[in-house]
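File shown here: work37.tsv, holding TSV, C-alpha atoms and all ligand atoms.
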```
chain	number	residue	atom	x	y	z
I	129	MET	CA	-30.50	159.51	-68.01
I	130	ILE	CA	-29.70	155.79	-67.69
I	131	LYS	CA	-28.62	154.43	-64.31
I	132	ARG	CA	-25.01	153.33	-64.53
I	133	VAL	CA	-23.53	150.36	-62.69
I	134	GLN	CA	-21.21	151.80	-60.03
I	135	THR	CA	-17.56	151.09	-60.70
I	136	LYS	CA	-14.20	151.89	-59.15
I	137	GLN	CA	-12.73	155.14	-60.42
I	138	ILE	CA	-9.28	155.19	-61.97
I	139	PHE	CA	-7.41	157.97	-63.78
I	140	VAL	CA	-5.88	157.92	-67.24
I	141	GLY	CA	-3.82	161.07	-66.98
I	142	SER	CA	-6.26	163.82	-66.07
I	143	VAL	CA	-9.33	161.90	-67.25
I	144	ALA	CA	-11.33	160.00	-64.63
I	145	VAL	CA	-12.70	156.66	-65.80
I	146	GLY	CA	-15.41	154.90	-63.82
I	147	GLY	CA	-17.30	155.99	-60.73
I	148	ASP	CA	-19.38	159.06	-61.48
I	149	ALA	CA	-17.10	160.30	-64.29
I	150	PRO	CA	-18.73	160.88	-67.69
I	151	ILE	CA	-18.19	158.00	-70.14
I	152	SER	CA	-15.04	158.97	-72.01
I	153	VAL	CA	-14.44	158.49	-75.72
I	154	GLN	CA	-11.20	156.96	-76.97
I	155	SER	CA	-9.64	156.48	-80.35
I	156	MET	CA	-6.38	155.37	-81.94
I	157	THR	CA	-4.02	156.96	-84.41
I	158	PHE	CA	-3.19	155.01	-87.57
I	159	SER	CA	0.20	156.53	-88.36
I	160	LYS	CA	3.43	154.74	-87.53
I	161	THR	CA	3.93	155.93	-83.97
I	162	SER	CA	7.61	156.46	-84.73
I	163	ASP	CA	6.50	159.11	-87.25
I	164	ILE	CA	6.18	161.65	-84.49
I	165	GLU	CA	5.00	164.58	-86.60
I	166	THR	CA	2.12	162.67	-88.25
I	167	THR	CA	1.12	161.00	-85.00
I	168	VAL	CA	0.96	164.32	-83.16
I	169	GLU	CA	-1.06	165.82	-86.01
I	170	GLN	CA	-3.55	162.92	-85.86
I	171	ILE	CA	-3.84	163.22	-82.08
I	172	LYS	CA	-4.59	166.92	-82.41
I	173	ARG	CA	-7.30	166.16	-84.99
I	174	LEU	CA	-8.84	163.64	-82.61
I	175	HIS	CA	-8.68	166.12	-79.75
I	176	PHE	CA	-10.46	168.77	-81.83
I	177	ALA	CA	-13.13	166.22	-82.82
I	178	GLY	CA	-13.93	165.56	-79.14
I	179	CYS	CA	-11.74	162.58	-78.24
I	180	ASP	CA	-10.95	162.30	-74.49
I	181	ILE	CA	-8.15	159.72	-74.47
I	182	VAL	CA	-5.88	158.60	-77.31
I	183	ARG	CA	-4.12	155.28	-77.83
I	184	VAL	CA	-1.17	154.59	-80.06
I	185	ALA	CA	0.19	151.26	-81.27
I	186	VAL	CA	3.68	150.39	-80.09
I	187	PRO	CA	4.83	147.42	-82.20
I	188	GLU	CA	8.56	148.30	-82.33
I	189	MET	CA	11.17	149.83	-80.05
I	190	GLU	CA	11.36	152.93	-82.27
I	191	ASP	CA	7.65	153.48	-81.53
I	192	ALA	CA	8.22	153.15	-77.79
I	193	LEU	CA	11.11	155.61	-77.98
I	194	ALA	CA	8.93	158.13	-79.87
I	195	LEU	CA	6.38	158.32	-77.03
I	196	LYS	CA	8.28	160.87	-74.96
I	197	SER	CA	8.36	163.44	-77.75
I	198	ILE	CA	4.71	162.76	-78.67
I	199	LYS	CA	3.63	163.16	-75.05
I	200	GLU	CA	5.39	166.52	-74.82
I	201	GLN	CA	3.43	167.88	-77.78
I	202	ILE	CA	-0.13	166.83	-76.85
I	203	SER	CA	-2.55	167.42	-74.04
I	204	LEU	CA	-4.74	164.32	-74.39
I	205	PRO	CA	-3.96	161.42	-72.04
I	206	LEU	CA	-1.87	158.85	-73.92
I	207	ILE	CA	-2.20	155.05	-73.84
I	208	ALA	CA	0.40	152.69	-75.28
I	209	ASP	CA	-1.04	149.60	-76.94
I	210	ILE	CA	1.38	146.68	-76.57
I	211	HIS	CA	1.28	143.17	-77.94
I	212	PHE	CA	3.87	140.38	-77.82
I	213	ASN	CA	6.86	142.29	-76.43
I	214	HIS	CA	6.80	143.30	-72.77
I	215	ARG	CA	10.05	145.26	-73.15
I	216	LEU	CA	8.11	147.83	-75.17
I	217	ALA	CA	5.68	148.16	-72.28
I	218	LEU	CA	8.56	148.79	-69.88
I	219	VAL	CA	9.85	151.67	-72.03
I	220	ALA	CA	6.35	153.05	-72.65
I	221	ALA	CA	5.41	152.93	-68.96
I	222	GLU	CA	8.03	155.58	-68.23
I	223	VAL	CA	6.11	158.10	-70.34
I	224	VAL	CA	2.45	157.30	-71.01
I	225	ASP	CA	-0.69	157.56	-68.87
I	226	CYS	CA	-1.85	153.95	-69.24
I	227	ILE	CA	-0.66	150.68	-70.73
I	228	ARG	CA	-2.95	148.38	-72.68
I	229	ILE	CA	-1.75	144.80	-72.78
I	230	ASN	CA	-3.37	141.73	-74.20
I	231	PRO	CA	-2.67	139.10	-71.57
I	232	GLY	CA	-3.08	136.36	-74.16
I	233	ASN	CA	0.00	137.39	-76.09
I	234	ILE	CA	2.27	139.44	-73.82
I	235	GLY	CA	4.29	136.43	-72.68
I	236	SER	CA	5.09	134.70	-69.39
I	237	LYS	CA	3.72	135.77	-66.06
I	238	GLU	CA	7.20	136.92	-65.08
I	239	ARG	CA	7.01	139.45	-67.90
I	240	VAL	CA	3.58	140.66	-66.86
I	241	LYS	CA	4.99	141.10	-63.34
I	242	GLU	CA	7.70	143.40	-64.68
I	243	VAL	CA	5.09	145.49	-66.52
I	244	VAL	CA	2.96	145.73	-63.39
I	245	LYS	CA	5.97	146.87	-61.38
I	246	ALA	CA	6.75	149.58	-63.94
I	247	CYS	CA	3.14	150.82	-63.86
I	248	GLN	CA	3.09	150.76	-60.06
I	249	ALA	CA	6.23	152.88	-60.00
I	250	ARG	CA	4.49	155.64	-61.99
I	251	ASN	CA	1.03	155.08	-60.61
I	252	ILE	CA	-0.54	154.46	-64.03
I	253	PRO	CA	-3.32	151.99	-64.81
I	254	ILE	CA	-3.29	148.91	-67.00
I	255	ARG	CA	-6.08	147.94	-69.35
I	256	ILE	CA	-6.49	144.21	-69.51
I	257	GLY	CA	-7.55	144.02	-73.14
I	258	VAL	CA	-8.99	140.58	-73.72
I	259	ASN	CA	-9.64	139.77	-77.36
I	260	ALA	CA	-11.60	136.70	-78.52
I	261	GLY	CA	-9.12	136.20	-81.34
I	262	SER	CA	-6.09	135.89	-79.09
I	263	LEU	CA	-7.08	134.07	-75.91
I	264	GLU	CA	-4.49	132.18	-73.87
I	265	LYS	CA	-4.20	128.53	-74.95
I	266	GLU	CA	-5.75	127.11	-71.77
I	267	PHE	CA	-8.93	129.17	-72.21
I	268	LEU	CA	-9.02	128.67	-75.95
I	269	ASN	CA	-8.79	124.87	-75.51
I	270	LYS	CA	-11.45	124.83	-72.81
I	271	TYR	CA	-13.97	127.34	-74.18
I	272	GLY	CA	-12.98	128.15	-77.77
I	273	GLN	CA	-13.34	131.75	-78.96
I	274	THR	CA	-16.45	132.30	-76.87
I	275	SER	CA	-17.64	134.92	-74.42
I	276	GLU	CA	-17.11	132.35	-71.65
I	277	GLY	CA	-13.47	132.07	-72.74
I	278	MET	CA	-13.09	135.87	-72.75
I	279	VAL	CA	-14.58	136.16	-69.27
I	280	ALA	CA	-12.38	133.33	-67.93
I	281	SER	CA	-9.29	135.04	-69.36
I	282	ALA	CA	-10.27	138.39	-67.85
I	283	GLU	CA	-10.94	136.88	-64.42
I	284	TYR	CA	-7.66	135.00	-64.45
I	285	ASN	CA	-5.69	138.12	-65.35
I	286	ILE	CA	-7.52	140.34	-62.89
I	287	LYS	CA	-6.63	137.91	-60.12
I	288	PHE	CA	-3.04	137.74	-61.30
I	289	LEU	CA	-2.70	141.53	-61.08
I	290	GLU	CA	-4.56	141.69	-57.77
I	291	ASP	CA	-2.25	139.06	-56.29
I	292	LEU	CA	0.61	141.42	-57.15
I	293	GLY	CA	-1.13	144.15	-55.18
I	294	PHE	CA	-2.25	145.97	-58.34
I	295	ASP	CA	-5.83	147.11	-58.77
I	296	ASP	CA	-5.45	150.16	-61.00
I	297	ILE	CA	-7.24	148.24	-63.72
I	298	LYS	CA	-9.77	148.64	-66.50
I	299	ILE	CA	-11.01	145.84	-68.65
I	300	SER	CA	-12.13	145.30	-72.21
I	301	LEU	CA	-13.64	142.15	-73.72
I	302	LYS	CA	-13.69	142.57	-77.46
I	303	ALA	CA	-14.88	140.28	-80.21
I	304	SER	CA	-15.65	141.17	-83.81
I	305	ASP	CA	-19.33	140.25	-83.49
I	306	VAL	CA	-21.90	141.96	-81.36
I	307	GLN	CA	-23.41	138.95	-79.59
I	308	ARG	CA	-20.18	137.60	-78.08
I	309	THR	CA	-19.05	141.06	-77.09
I	310	VAL	CA	-22.27	141.96	-75.31
I	311	ASP	CA	-22.55	138.54	-73.64
I	312	ALA	CA	-18.99	138.76	-72.32
I	313	TYR	CA	-19.42	142.23	-70.80
I	314	ARG	CA	-22.76	141.28	-69.27
I	315	MET	CA	-21.31	138.09	-67.81
I	316	LEU	CA	-18.28	139.78	-66.26
I	317	ARG	CA	-20.02	142.92	-64.94
I	318	PRO	CA	-21.46	141.42	-61.71
I	319	LYS	CA	-18.14	139.77	-60.83
I	320	ASN	CA	-16.03	142.87	-60.09
I	321	SER	CA	-16.25	146.64	-59.96
I	322	TYR	CA	-13.40	147.62	-62.30
I	323	PRO	CA	-14.27	150.13	-65.01
I	324	PHE	CA	-15.04	148.68	-68.43
I	325	HIS	CA	-13.73	149.92	-71.76
I	326	LEU	CA	-16.39	149.05	-74.36
I	327	GLY	CA	-15.82	148.25	-77.99
I	328	VAL	CA	-16.73	145.94	-80.83
I	329	THR	CA	-13.41	145.27	-82.49
I	330	GLU	CA	-12.68	145.24	-86.22
I	331	ALA	CA	-16.21	146.50	-86.79
I	332	GLY	CA	-15.67	147.46	-90.44
I	333	THR	CA	-16.27	150.58	-92.50
I	334	LEU	CA	-18.37	153.54	-91.37
I	335	PHE	CA	-21.77	152.04	-92.18
I	336	HIS	CA	-21.25	148.59	-90.67
I	337	ALA	CA	-19.20	149.82	-87.73
I	338	THR	CA	-21.90	152.32	-86.88
I	339	VAL	CA	-24.60	149.64	-86.96
I	340	LYS	CA	-22.57	147.07	-85.00
I	341	SER	CA	-21.39	149.56	-82.41
I	342	SER	CA	-24.82	151.13	-82.01
I	343	ILE	CA	-26.34	147.73	-81.28
I	344	GLY	CA	-23.54	146.38	-79.11
I	345	LEU	CA	-22.45	149.46	-77.21
I	346	GLY	CA	-26.00	150.76	-77.14
I	347	ALA	CA	-27.28	147.57	-75.50
I	348	LEU	CA	-24.55	147.70	-72.86
I	349	LEU	CA	-24.99	151.41	-72.18
I	350	LEU	CA	-28.72	150.92	-71.71
I	351	ASP	CA	-27.83	148.25	-69.11
I	352	GLY	CA	-25.72	150.90	-67.36
I	353	ILE	CA	-22.51	149.10	-68.37
I	354	GLY	CA	-19.48	151.01	-69.66
I	355	ASP	CA	-17.11	153.67	-68.39
I	356	THR	CA	-15.07	154.47	-71.49
I	357	MET	CA	-15.44	153.34	-75.10
I	358	ARG	CA	-14.07	153.22	-78.59
I	359	VAL	CA	-15.97	152.80	-81.82
I	360	SER	CA	-13.60	151.04	-84.24
I	361	ILE	CA	-14.03	152.21	-87.83
I	362	THR	CA	-12.02	151.50	-90.94
I	363	GLY	CA	-12.10	155.12	-92.04
I	364	GLU	CA	-11.30	158.66	-91.03
I	365	LEU	CA	-10.22	159.52	-87.49
I	366	GLU	CA	-13.04	161.95	-86.78
I	367	GLU	CA	-15.72	159.41	-87.74
I	368	GLU	CA	-14.95	157.26	-84.69
I	369	ILE	CA	-15.47	160.20	-82.38
I	370	ASN	CA	-18.62	161.40	-84.09
I	371	VAL	CA	-20.24	157.96	-83.96
I	372	ALA	CA	-19.16	157.35	-80.36
I	373	ARG	CA	-20.55	160.70	-79.24
I	374	ALA	CA	-23.81	160.03	-81.11
I	375	ILE	CA	-24.17	156.60	-79.45
I	376	LEU	CA	-23.60	158.13	-76.02
I	377	LYS	CA	-26.11	160.86	-76.67
I	378	ASP	CA	-28.80	158.79	-78.33
I	379	SER	CA	-28.60	156.01	-75.71
I	380	GLY	CA	-29.11	158.63	-73.02
I	381	ALA	CA	-25.68	157.93	-71.52
I	382	ALA	CA	-24.51	161.49	-72.15
I	383	LYS	CA	-26.13	164.78	-72.78
I	384	ASP	CA	-23.22	166.60	-74.33
I	385	GLY	CA	-23.14	167.75	-77.93
I	386	LEU	CA	-25.83	168.68	-80.38
I	387	ASN	CA	-29.03	166.71	-80.64
I	388	ILE	CA	-29.87	167.44	-84.28
I	389	ILE	CA	-33.47	166.96	-85.31
I	390	SER	CA	-33.86	167.06	-89.09
I	391	CYS	CA	-36.77	166.08	-91.23
I	392	PRO	CA	-36.50	163.21	-93.75
I	393	THR	CA	-37.64	165.62	-96.53
I	394	CYS	CA	-40.57	164.98	-98.84
I	395	GLY	CA	-42.23	166.40	-101.95
I	396	ARG	CA	-42.81	169.75	-100.21
I	397	ILE	CA	-39.12	170.52	-99.88
I	398	GLU	CA	-37.68	173.41	-101.86
I	399	ALA	CA	-34.14	173.42	-100.45
I	400	ASP	CA	-31.04	171.18	-100.37
I	401	LEU	CA	-31.55	170.00	-96.81
I	402	VAL	CA	-29.29	166.94	-97.07
I	403	THR	CA	-26.23	169.08	-97.86
I	404	ALA	CA	-27.17	171.63	-95.22
I	405	VAL	CA	-27.55	169.07	-92.41
I	406	GLY	CA	-24.28	167.37	-93.43
I	407	GLU	CA	-22.47	170.69	-93.25
I	408	ILE	CA	-24.05	171.54	-89.90
I	409	GLU	CA	-23.01	168.17	-88.47
I	410	ARG	CA	-19.44	168.68	-89.65
I	411	ARG	CA	-19.12	172.25	-88.42
I	412	THR	CA	-20.63	171.58	-84.99
I	413	SER	CA	-19.10	168.18	-84.20
I	414	HIS	CA	-16.60	169.74	-81.74
I	415	ILE	CA	-19.32	171.33	-79.61
I	416	LYS	CA	-19.82	169.66	-76.25
I	417	ALA	CA	-22.60	171.83	-74.82
I	418	PRO	CA	-25.91	169.95	-74.69
I	419	LEU	CA	-28.04	171.77	-77.27
I	420	ASN	CA	-31.18	170.77	-79.13
I	421	VAL	CA	-31.30	172.06	-82.68
I	422	SER	CA	-33.72	171.47	-85.51
I	423	VAL	CA	-33.30	171.80	-89.26
I	424	MET	CA	-36.60	171.40	-91.08
I	425	GLY	CA	-37.43	171.47	-94.77
I	426	CYS	CA	-40.60	173.56	-94.69
I	427	VAL	CA	-42.98	175.32	-92.36
I	428	VAL	CA	-45.25	172.27	-91.86
I	429	ASN	CA	-43.35	171.06	-88.76
I	430	ALA	CA	-40.58	173.64	-88.52
I	431	ILE	CA	-42.31	176.10	-86.21
I	432	GLY	CA	-43.42	173.33	-83.83
I	433	GLU	CA	-39.92	171.82	-83.66
I	434	ALA	CA	-38.31	175.23	-83.33
I	435	ALA	CA	-40.40	175.94	-80.25
I	436	HIS	CA	-38.49	173.16	-78.42
I	437	ALA	CA	-35.11	173.81	-80.03
I	438	ASP	CA	-32.30	176.05	-78.81
I	439	VAL	CA	-31.50	177.00	-82.40
I	440	ALA	CA	-33.52	176.12	-85.52
I	441	ILE	CA	-33.80	176.63	-89.24
I	442	ALA	CA	-37.08	176.55	-91.14
I	443	TYR	CA	-36.43	176.37	-94.87
I	444	GLY	CA	-38.76	177.92	-97.41
I	445	LYS	CA	-38.45	178.61	-101.14
I	446	GLY	CA	-34.94	180.02	-101.66
I	447	LYS	CA	-35.07	181.57	-98.18
I	448	GLY	CA	-35.53	180.56	-94.59
I	449	LEU	CA	-35.80	181.56	-90.95
I	450	VAL	CA	-33.22	181.15	-88.20
I	451	MET	CA	-34.82	180.88	-84.79
I	452	VAL	CA	-33.35	180.98	-81.29
I	453	LYS	CA	-35.51	179.57	-78.48
I	454	GLY	CA	-38.51	179.74	-80.80
I	455	GLU	CA	-38.01	183.41	-81.73
I	456	VAL	CA	-37.13	184.43	-85.30
I	457	VAL	CA	-33.72	186.16	-85.30
I	458	ALA	CA	-33.09	186.25	-89.07
I	459	ASN	CA	-34.88	185.88	-92.39
I	460	LEU	CA	-32.15	185.09	-94.94
I	461	ASP	CA	-31.39	183.71	-98.38
I	462	GLU	CA	-30.84	179.96	-98.39
I	463	SER	CA	-27.10	180.43	-98.99
I	464	GLU	CA	-26.70	182.38	-95.73
I	465	LEU	CA	-28.76	180.19	-93.43
I	466	VAL	CA	-26.17	177.59	-92.36
I	467	ASP	CA	-23.52	180.24	-91.54
I	468	ARG	CA	-25.93	182.18	-89.34
I	469	PHE	CA	-27.26	179.01	-87.74
I	470	VAL	CA	-23.72	177.82	-86.86
I	471	ASP	CA	-22.89	181.29	-85.45
I	472	GLU	CA	-25.92	181.15	-83.18
I	473	VAL	CA	-25.09	177.58	-82.07
I	474	GLU	CA	-21.49	178.54	-81.27
I	475	LYS	CA	-22.60	181.61	-79.35
I	476	MET	CA	-25.03	179.59	-77.25
I	477	ALA	CA	-22.48	176.79	-76.72
I	478	LYS	CA	-19.94	179.32	-75.39
I	479	GLU	CA	-22.49	180.63	-72.91
I	480	LYS	CA	-23.19	177.09	-71.67
I	481	GLU	CA	-19.64	175.70	-71.62
R	501	LIG	FE1	-41.68	167.41	-95.76
R	501	LIG	FE2	-41.70	169.81	-94.61
R	501	LIG	FE3	-42.01	167.57	-93.10
R	501	LIG	FE4	-39.65	168.13	-94.16
R	501	LIG	S1	-40.74	169.38	-92.63
R	501	LIG	S2	-40.69	166.14	-94.21
R	501	LIG	S3	-40.21	169.07	-96.10
R	501	LIG	S4	-43.38	168.33	-94.67
```
structure tokens encoding of this file:
Amino acid sequence: MIKRVQTKQIFVGSVAVGGDAPISVQSMTFSKTSDIETTVEQIKRLHFAGCDIVRVAVPEMEDALALKSIKEQISLPLIADIHFNHRLALVAAEVVDCIRINPGNIGSKERVKEVVKACQARNIPIRIGVNAGSLEKEFLNKYGQTSEGMVASAEYNIKFLEDLGFDDIKISLKASDVQRTVDAYRMLRPKNSYPFHLGVTEAGTLFHATVKSSIGLGALLLDGIGDTMRVSITGELEEEINVARAILKDSGAAKDGLNIISCPTCGRIEADLVTAVGEIERRTSHIKAPLNVSVMGCVVNAIGEAAHADVAIAYGKGKGLVMVKGEVVANLDESELVDRFVDEVEKMAKEKE
């Protein structure tokens, strides 16, 4: 496991962020928050996919007023994402588990003070969400949209909140390109011990967002930086969670979930492995138990991989073996293999969870 930089621990609802808490995965709904039914449905989908904390956009008063009913129908901690209008933050702070403000666009310091007071009253944290695209004028004029400008903005706003006696803080420093994002987090990390929310913003569709986030978040995680994170994807809700969990697992920052070993296939293959692995990924994405599984196209490497796997499939011609801890438990037609494999994985996950 990587060695994480020690940070202060805060709580977003029941989820600890920072300190020795596992790195949590966040996402956002894309419904109008005022559409309570759709928003709740999206939050439940995210929860099932393995999301730890959910954020909703609050651009209008009707969105802020919908938060109470949403909160009553979900069990994930809820963050309100506020830009431009501090009055929305004041309404949201009465209900949610954390407020995210962008100090560059929330208005005068008097307004920020009011938001801080409201959060203090309910003992909920604030995320200072610095974004390269919306820095305060003074930092924009001095540094431009650079990582230096993002760090200067974060430091200024941290001090502003600290001077008000508020230190229930987490910080994000997002830019739409990897280099500025990584530089900013690396620059700010030695200067305080507040937990960091990682993300590369507006990262694009599934393919590009996965590449950008894997490089950016992966580099930071390998440095031990990061306490909670979001992978931003223009796409389906579950994709953000799946990619985030994969980054955590493959960087060594988390052990939870399935580590799926599958062969690239070659001319020896006599089965539709691509479809099978896709289905396995989909049907096991909610599993948090740390399991190693292998899905191999033929016996050349299958038995060797299966020896190290908790559950494995070795495909043959129209048939295949399901193995548990290296022992064959079933010899089935190809059409039955994935079902049996998933059953075995779920059984083992239940024993471990
Ligand atoms: Fe080819 Fe078999 Fe290796 Fe898969 S396991 S790449 S099918 S030799």
Would you please work out which residue, of I:Glu433, I:Asp351, I:Glu472, I:Glu464, is nearest to Ile130 of chain I when using only C-alpha atoms?
->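 The answer is I:Asp351, which sits nearest to Ile130 of chain I.
Pocket residues of ligand LIG 501 (chain R), taken as those with any atom at most 8 Å away using all atoms listed in the file, are Ser390, Cys391, Pro392, Thr393, Cys394, Gly395, Arg396, Ile397, Glu398, Met424, Gly425, Cys426, Val427, Val428, Asn429 and Ala430 of chain I.
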Selected residue of minimal separation from Asn259 of chain I among I:Asn320, I:Thr157, I:Val328, I:Lys196, counting only C-alpha atoms =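 Closest candidate: I:Val328.
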Contacts of Ala192 of chain I at 7 Å or less, counting only C-alpha atoms, minus same-chain residues fewer than 5 places along, as a PDB file with C-alpha atoms, in the coordinates of the input?
```pdb
ATOM      1  CA  VAL I 186       3.680 150.390 -80.090  1.00  0.00           C
ATOM      2  CA  LEU I 216       8.110 147.830 -75.170  1.00  0.00           C
ATOM      3  CA  VAL I 219       9.850 151.670 -72.030  1.00  0.00           C
ATOM      4  CA  ALA I 220       6.350 153.050 -72.650  1.00  0.00           C
TER       5      ALA I 220
END
```
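The spacing separating atom CA of Glu330 of chain I from atom CA of Leu350 of chain I amounts to 22.4 Å.
Atom pair atom CA of Gln154 of chain I / atom CA of Thr356 of chain I: separated by 7.2 Å.
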At a cut-off of 12 Å, using only C-alpha atoms, what residues contact Asn420 of chain I? Leave out same-chain residues fewer than 6 positions from it and give the result as a short mmCIF file (atom, residue, chain, number, x, y, z; two decimals) with C-alpha atoms, in the frame of the given file.
```cif
data_model
loop_
_atom_site.label_atom_id
_atom_site.label_comp_id
_atom_site.auth_asym_id
_atom_site.auth_seq_id
_atom_site.Cartn_x
_atom_site.Cartn_y
_atom_site.Cartn_z
CA LYS I 377 -26.11 160.86 -76.67
CA LYS I 383 -26.13 164.78 -72.78
CA ASP I 384 -23.22 166.60 -74.33
CA GLY I 385 -23.14 167.75 -77.93
CA LEU I 386 -25.83 168.68 -80.38
CA ASN I 387 -29.03 166.71 -80.64
CA ILE I 388 -29.87 167.44 -84.28
CA ILE I 389 -33.47 166.96 -85.31
CA SER I 390 -33.86 167.06 -89.09
CA GLU I 433 -39.92 171.82 -83.66
CA ALA I 434 -38.31 175.23 -83.33
CA ALA I 435 -40.40 175.94 -80.25
CA HIS I 436 -38.49 173.16 -78.42
CA ALA I 437 -35.11 173.81 -80.03
CA ASP I 438 -32.30 176.05 -78.81
CA VAL I 439 -31.50 177.00 -82.40
CA ALA I 440 -33.52 176.12 -85.52
CA ILE I 441 -33.80 176.63 -89.24
CA VAL I 452 -33.35 180.98 -81.29
CA LYS I 453 -35.51 179.57 -78.48
CA GLY I 454 -38.51 179.74 -80.80
CA VAL I 473 -25.09 177.58 -82.07
CA MET I 476 -25.03 179.59 -77.25
CA ALA I 477 -22.48 176.79 -76.72
#
```
Length of the atom CA of Ala417 of chain I to atom CA of Glu368 of chain I vector [Å] |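 Straight-line distance from atom CA of Ala417 of chain I to atom CA of Glu368 of chain I works out to 19.2 Å.
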Neighbour list for segment 267-284 of chain I as a PyMOL selection string, cut-off 10 Å, only C-alpha atoms, skip fewer than 5 positions in-chain = chain I and resi 230-232+256-262+289-290+299-303+307-317+319-320
Would you mind listing what lies within 6 Å of Ile227 of chain I as a PyMOL selection string, with only C-alpha atoms counted and same-chain residues fewer than 3 positions away left out?
-> chain I and resi 207-208+254
Hey, what's within 10 Å of Gln134 of chain I if we count only C-alpha atoms and toss same-chain stuff fewer than 2 positions away? As a list in words, please?
->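 Here the answer would be Lys131, Arg132, Lys136, Gln137, Gly146, Gly147, Asp148, Ser321, Tyr322, Pro323, Gly352, Ile353, Gly354 and Asp355 of chain I.
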As an mmCIF file, keeping the file's coordinate frame, could you write out segment 435-448 of chain I once it has been completed with N, CA and C atoms?
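File written: result-v2.cif
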```cif
data_model
loop_
_atom_site.group_PDB
_atom_site.id
_atom_site.type_symbol
_atom_site.label_atom_id
_atom_site.label_comp_id
_atom_site.auth_asym_id
_atom_site.auth_seq_id
_atom_site.Cartn_x
_atom_site.Cartn_y
_atom_site.Cartn_z
ATOM 1 N N ALA I 435 -39.943 175.510 -81.572
ATOM 2 C CA ALA I 435 -40.400 175.940 -80.250
ATOM 3 C C ALA I 435 -39.651 175.197 -79.145
ATOM 4 N N HIS I 436 -39.210 173.955 -79.437
ATOM 5 C CA HIS I 436 -38.490 173.160 -78.420
ATOM 6 C C HIS I 436 -36.988 173.182 -78.630
ATOM 7 N N ALA I 437 -36.539 173.856 -79.687
ATOM 8 C CA ALA I 437 -35.110 173.810 -80.030
ATOM 9 C C ALA I 437 -34.399 175.056 -79.514
ATOM 10 N N ASP I 438 -33.100 174.878 -79.193
ATOM 11 C CA ASP I 438 -32.300 176.050 -78.810
ATOM 12 C C ASP I 438 -32.062 176.920 -80.034
ATOM 13 N N VAL I 439 -31.695 176.270 -81.144
ATOM 14 C CA VAL I 439 -31.500 177.000 -82.400
ATOM 15 C C VAL I 439 -32.167 176.184 -83.513
ATOM 16 N N ALA I 440 -32.799 176.863 -84.469
ATOM 17 C CA ALA I 440 -33.520 176.120 -85.520
ATOM 18 C C ALA I 440 -33.447 176.852 -86.849
ATOM 19 N N ILE I 441 -33.590 176.054 -87.907
ATOM 20 C CA ILE I 441 -33.800 176.630 -89.240
ATOM 21 C C ILE I 441 -35.123 176.094 -89.777
ATOM 22 N N ALA I 442 -35.905 176.979 -90.369
ATOM 23 C CA ALA I 442 -37.080 176.550 -91.140
ATOM 24 C C ALA I 442 -36.855 176.994 -92.576
ATOM 25 N N TYR I 443 -36.655 176.034 -93.458
ATOM 26 C CA TYR I 443 -36.430 176.370 -94.870
ATOM 27 C C TYR I 443 -37.745 176.715 -95.552
ATOM 28 N N GLY I 444 -37.639 177.614 -96.535
ATOM 29 C CA GLY I 444 -38.760 177.920 -97.410
ATOM 30 C C GLY I 444 -38.246 177.872 -98.842
ATOM 31 N N LYS I 445 -38.873 178.625 -99.746
ATOM 32 C CA LYS I 445 -38.450 178.610 -101.140
ATOM 33 C C LYS I 445 -37.333 179.628 -101.356
ATOM 34 N N GLY I 446 -36.085 179.140 -101.446
ATOM 35 C CA GLY I 446 -34.940 180.020 -101.660
ATOM 36 C C GLY I 446 -34.563 180.874 -100.461
ATOM 37 N N LYS I 447 -35.313 180.763 -99.388
ATOM 38 C CA LYS I 447 -35.070 181.570 -98.180
ATOM 39 C C LYS I 447 -35.374 180.715 -96.956
ATOM 40 N N GLY I 448 -35.175 181.296 -95.798
ATOM 41 C CA GLY I 448 -35.530 180.560 -94.590
ATOM 42 C C GLY I 448 -35.375 181.403 -93.343
#
```
